[in-house]
file final.cif (mmCIF, C-alpha atoms)
data_input
#
loop_
_atom_site.label_atom_id
_atom_site.label_comp_id
_atom_site.auth_asym_id
_atom_site.auth_seq_id
_atom_site.Cartn_x
_atom_site.Cartn_y
_atom_site.Cartn_z
CA MET A 28 -12.34 -14.46 -12.37
CA THR A 29 -10.69 -11.22 -13.44
CA VAL A 30 -8.38 -11.27 -16.45
CA LEU A 31 -5.64 -8.63 -16.51
CA THR A 32 -3.02 -7.71 -19.04
CA LYS A 33 0.67 -7.75 -18.13
CA LYS A 34 0.60 -3.95 -18.17
CA GLU A 35 -2.25 -3.89 -15.65
CA LEU A 36 -0.46 -6.38 -13.42
CA ALA A 37 2.72 -4.29 -13.56
CA PHE A 38 0.67 -1.24 -12.56
CA ILE A 39 -0.78 -3.09 -9.55
CA GLU A 40 2.70 -4.23 -8.51
CA ASP A 41 3.91 -0.62 -8.73
CA GLU A 42 0.99 0.55 -6.62
CA ILE A 43 1.74 -2.05 -3.95
CA ARG A 44 5.41 -1.06 -3.85
CA SER A 45 4.57 2.63 -3.54
CA GLU A 46 2.06 2.01 -0.76
CA VAL A 47 4.67 -0.05 1.14
CA ILE A 48 7.20 2.78 0.87
CA ILE A 49 4.64 5.38 1.97
CA ALA A 50 3.54 3.33 4.98
CA LYS A 51 7.12 2.65 6.09
CA THR A 52 8.04 6.32 5.70
CA MET A 53 5.04 7.46 7.72
CA ASN A 54 5.83 4.94 10.48
CA TRP A 55 9.44 6.11 10.58
CA CYS A 56 8.33 9.76 10.76
CA ALA A 57 5.93 8.88 13.58
CA THR A 58 8.77 7.35 15.60
CA GLN A 59 10.90 10.47 15.08
CA CYS A 60 8.12 12.94 15.89
CA LYS A 61 8.15 14.61 19.32
CA ASP A 62 4.56 15.85 18.99
CA GLN A 63 2.37 13.02 20.30
CA GLU A 64 -0.71 14.14 18.39
CA LEU A 65 1.16 14.34 15.09
CA SER A 66 2.83 10.99 15.79
CA LYS A 67 -0.56 9.35 16.37
CA THR A 68 -1.93 10.91 13.17
CA LEU A 69 1.04 9.60 11.16
CA GLU A 70 0.59 6.12 12.63
CA GLU A 71 -3.09 6.15 11.69
CA MET A 72 -2.29 7.28 8.16
CA ALA A 73 0.36 4.55 7.86
CA GLU A 74 -2.19 1.98 9.00
CA LYS A 75 -4.59 3.11 6.25
CA HIS A 76 -1.83 2.62 3.69
CA GLN A 77 -1.08 -0.84 5.10
CA LEU A 78 -4.76 -1.75 4.71
CA LYS A 79 -4.62 -0.51 1.13
CA ILE A 80 -1.60 -2.77 0.58
CA ALA A 81 -3.61 -5.72 1.87
CA ASP A 82 -6.53 -4.86 -0.43
CA LEU A 83 -4.28 -4.48 -3.48
CA SER A 84 -2.43 -7.69 -2.66
CA GLN A 85 -5.68 -9.61 -2.24
CA TYR A 86 -6.96 -8.32 -5.58
CA PHE A 87 -3.64 -9.17 -7.20
CA ASN A 88 -3.67 -12.71 -5.77
CA GLN A 89 -7.23 -13.36 -6.98
CA THR A 90 -6.15 -12.65 -10.54
CA ASN A 91 -4.83 -15.85 -12.04
CA ASN A 92 -5.49 -15.19 -15.70
CA ILE A 93 -3.14 -13.00 -17.68
CA GLN A 94 -3.84 -11.95 -21.25
#

call {"tool": "encode", "arguments": {"input": "final.cif", "output": "structure tokens"}}
result
Amino acid sequence: MTVLTKKELAFIEDEIRSEVIIAKTMNWCATQCKDQELSKTLEEMAEKHQLKIADLSQYFNQTNNIQ
């Protein structure tokens, strides 16, 4: 089991929030884009950020011990 400090947990929370904002922004840009190729690229990039959110959240949830 991983033990994290409150500062480390706060950093992980900040990372999750920033990834959520990035993914939502990229999805919004993709819906506004008239270039189909660029829109698809933005959607793929947003999906990568959403997967990163899932990974960070999973890591965060596995951490029960706080120093």

call {"tool": "closest_residue", "arguments": {"input": "final.cif", "among": "A:Ile39, A:Val47, A:Leu65, A:Met53", "to": "Leu83 in chain A", "atoms": "only C-alpha atoms"}}
result
A:Ile39

call {"tool": "residues_around", "arguments": {"input": "final.cif", "residues": "Trp55 in chain A", "least_positions_apart": "6", "cutoff": "10 Å", "atoms": "all atoms listed in the file", "output": "list in words"}}
result
Ile49, Ser66, Leu69, Glu70 and Ala73 of chain A

call {"tool": "atom_distance", "arguments": {"input": "final.cif", "atom1": "CA of Glu40 in chain A", "atom2": "CA of Thr68 in chain A"}}
result
26.8 Å

call {"tool": "resolve_selection", "arguments": {"input": "final.cif", "expression": "the PyMOL selection byres ((chain A and resi 87) around 10)", "output": "MDAnalysis selection string"}}
result
chainID A and resid 29 31 36 39:40 43 81:86 88:91

call {"tool": "closest_residue", "arguments": {"input": "final.cif", "among": "A:Lys33, A:Gln77, A:Glu64, A:Phe38", "to": "Thr52 in chain A", "atoms": "only C-alpha atoms"}}
result
A:Gln77

call {"tool": "atom_distance", "arguments": {"input": "final.cif", "atom1": "CA of Glu71 in chain A", "atom2": "CA of Ala50 in chain A"}}
result
9.8 Å

call {"tool": "closest_residue", "arguments": {"input": "final.cif", "among": "A:Met72, A:Thr32, A:Asp62, A:Ile80", "to": "Ser45 in chain A", "atoms": "all atoms listed in the file"}}
result
A:Ile80

call {"tool": "atom_distance", "arguments": {"input": "final.cif", "atom1": "CA of Lys51 in chain A", "atom2": "CA of Lys34 in chain A"}}
result
26.0 Å

call {"tool": "decode", "arguments": {"input": "final.cif", "residues": "range 38-72 of chain A", "atoms": "N, CA, C and O atoms", "output": "CSV table (one decimal), in the first residue's frame"}}
result
chain,number,residue,atom,x,y,z
A,38,PHE,N,-1.4,17.4,-4.8
A,38,PHE,CA,-0.8,17.5,-6.1
A,38,PHE,C,-1.6,16.6,-7.1
A,38,PHE,O,-1.9,17.0,-8.2
A,39,ILE,N,-1.9,15.4,-6.6
A,39,ILE,CA,-2.6,14.4,-7.5
A,39,ILE,C,-4.0,15.0,-7.8
A,39,ILE,O,-4.5,14.9,-8.9
A,40,GLU,N,-4.7,15.5,-6.8
A,40,GLU,CA,-6.0,16.2,-7.0
A,40,GLU,C,-5.9,17.3,-8.0
A,40,GLU,O,-6.8,17.4,-8.9
A,41,ASP,N,-4.9,18.1,-7.9
A,41,ASP,CA,-4.7,19.2,-8.9
A,41,ASP,C,-4.4,18.6,-10.3
A,41,ASP,O,-4.9,19.2,-11.3
A,42,GLU,N,-3.7,17.6,-10.4
A,42,GLU,CA,-3.4,16.9,-11.7
A,42,GLU,C,-4.7,16.4,-12.3
A,42,GLU,O,-5.0,16.6,-13.5
A,43,ILE,N,-5.5,15.8,-11.5
A,43,ILE,CA,-6.8,15.3,-12.0
A,43,ILE,C,-7.7,16.4,-12.5
A,43,ILE,O,-8.3,16.3,-13.6
A,44,ARG,N,-7.8,17.5,-11.7
A,44,ARG,CA,-8.6,18.6,-12.1
A,44,ARG,C,-8.1,19.2,-13.4
A,44,ARG,O,-8.9,19.5,-14.3
A,45,SER,N,-6.8,19.3,-13.6
A,45,SER,CA,-6.3,19.9,-14.8
A,45,SER,C,-6.5,19.0,-16.0
A,45,SER,O,-6.8,19.5,-17.1
A,46,GLU,N,-6.4,17.7,-15.8
A,46,GLU,CA,-6.6,16.8,-16.9
A,46,GLU,C,-8.1,16.8,-17.3
A,46,GLU,O,-8.4,16.7,-18.5
A,47,VAL,N,-9.0,17.0,-16.4
A,47,VAL,CA,-10.4,17.1,-16.7
A,47,VAL,C,-10.7,18.3,-17.5
A,47,VAL,O,-11.4,18.3,-18.5
A,48,ILE,N,-10.1,19.5,-17.1
A,48,ILE,CA,-10.3,20.7,-17.9
A,48,ILE,C,-9.8,20.6,-19.3
A,48,ILE,O,-10.4,21.0,-20.2
A,49,ILE,N,-8.6,20.0,-19.4
A,49,ILE,CA,-8.0,19.9,-20.7
A,49,ILE,C,-8.8,19.0,-21.6
A,49,ILE,O,-9.1,19.3,-22.8
A,50,ALA,N,-9.3,17.9,-21.1
A,50,ALA,CA,-10.1,17.0,-21.9
A,50,ALA,C,-11.4,17.6,-22.3
A,50,ALA,O,-11.8,17.5,-23.5
A,51,LYS,N,-12.1,18.3,-21.4
A,51,LYS,CA,-13.3,19.0,-21.8
A,51,LYS,C,-13.1,20.1,-22.8
A,51,LYS,O,-13.9,20.2,-23.7
A,52,THR,N,-12.0,20.8,-22.7
A,52,THR,CA,-11.7,21.9,-23.6
A,52,THR,C,-11.4,21.3,-25.0
A,52,THR,O,-11.9,21.8,-26.0
A,53,MET,N,-10.7,20.2,-25.1
A,53,MET,CA,-10.4,19.6,-26.4
A,53,MET,C,-11.6,19.1,-27.0
A,53,MET,O,-11.8,19.2,-28.2
A,54,ASN,N,-12.5,18.4,-26.2
A,54,ASN,CA,-13.8,18.0,-26.8
A,54,ASN,C,-14.6,19.1,-27.3
A,54,ASN,O,-15.2,19.0,-28.3
A,55,TRP,N,-14.7,20.2,-26.6
A,55,TRP,CA,-15.4,21.4,-27.0
A,55,TRP,C,-14.9,21.9,-28.3
A,55,TRP,O,-15.6,22.2,-29.2
A,56,CYS,N,-13.5,22.0,-28.4
A,56,CYS,CA,-12.9,22.5,-29.6
A,56,CYS,C,-13.2,21.6,-30.8
A,56,CYS,O,-13.4,22.0,-31.9
A,57,ALA,N,-13.2,20.3,-30.5
A,57,ALA,CA,-13.5,19.3,-31.6
A,57,ALA,C,-14.9,19.5,-32.1
A,57,ALA,O,-15.1,19.4,-33.3
A,58,THR,N,-15.8,19.8,-31.2
A,58,THR,CA,-17.2,20.0,-31.7
A,58,THR,C,-17.4,21.3,-32.5
A,58,THR,O,-18.2,21.4,-33.4
A,59,GLN,N,-16.5,22.3,-32.3
A,59,GLN,CA,-16.6,23.6,-32.9
A,59,GLN,C,-15.8,23.6,-34.2
A,59,GLN,O,-15.9,24.5,-35.1
A,60,CYS,N,-14.9,22.6,-34.4
A,60,CYS,CA,-14.0,22.6,-35.5
A,60,CYS,C,-14.7,22.1,-36.8
A,60,CYS,O,-15.4,21.1,-36.8
A,61,LYS,N,-14.4,22.8,-37.9
A,61,LYS,CA,-15.0,22.5,-39.2
A,61,LYS,C,-14.2,21.5,-40.0
A,61,LYS,O,-14.6,20.8,-40.9
A,62,ASP,N,-12.9,21.5,-39.6
A,62,ASP,CA,-12.0,20.5,-40.3
A,62,ASP,C,-12.1,19.2,-39.6
A,62,ASP,O,-11.8,19.0,-38.5
A,63,GLN,N,-12.6,18.2,-40.4
A,63,GLN,CA,-12.9,16.9,-39.9
A,63,GLN,C,-11.6,16.2,-39.3
A,63,GLN,O,-11.7,15.5,-38.3
A,64,GLU,N,-10.5,16.3,-40.0
A,64,GLU,CA,-9.3,15.7,-39.6
A,64,GLU,C,-8.8,16.3,-38.2
A,64,GLU,O,-8.4,15.5,-37.3
A,65,LEU,N,-8.8,17.6,-38.1
A,65,LEU,CA,-8.4,18.2,-36.9
A,65,LEU,C,-9.4,17.9,-35.8
A,65,LEU,O,-9.0,17.6,-34.6
A,66,SER,N,-10.7,17.8,-36.1
A,66,SER,CA,-11.7,17.4,-35.1
A,66,SER,C,-11.4,16.0,-34.5
A,66,SER,O,-11.5,15.8,-33.3
A,67,LYS,N,-11.1,15.1,-35.4
A,67,LYS,CA,-10.8,13.7,-35.0
A,67,LYS,C,-9.5,13.7,-34.1
A,67,LYS,O,-9.5,13.0,-33.1
A,68,THR,N,-8.5,14.5,-34.5
A,68,THR,CA,-7.3,14.5,-33.8
A,68,THR,C,-7.6,15.1,-32.4
A,68,THR,O,-7.1,14.5,-31.4
A,69,LEU,N,-8.4,16.1,-32.3
A,69,LEU,CA,-8.7,16.7,-30.9
A,69,LEU,C,-9.5,15.7,-30.1
A,69,LEU,O,-9.2,15.6,-28.9
A,70,GLU,N,-10.4,14.9,-30.7
A,70,GLU,CA,-11.1,13.9,-30.0
A,70,GLU,C,-10.2,12.8,-29.4
A,70,GLU,O,-10.4,12.4,-28.3
A,71,GLU,N,-9.3,12.4,-30.3
A,71,GLU,CA,-8.3,11.4,-29.8
A,71,GLU,C,-7.4,11.9,-28.7
A,71,GLU,O,-7.1,11.2,-27.7
A,72,MET,N,-7.0,13.1,-28.8
A,72,MET,CA,-6.2,13.7,-27.7
A,72,MET,C,-7.0,13.8,-26.4
A,72,MET,O,-6.5,13.5,-25.3
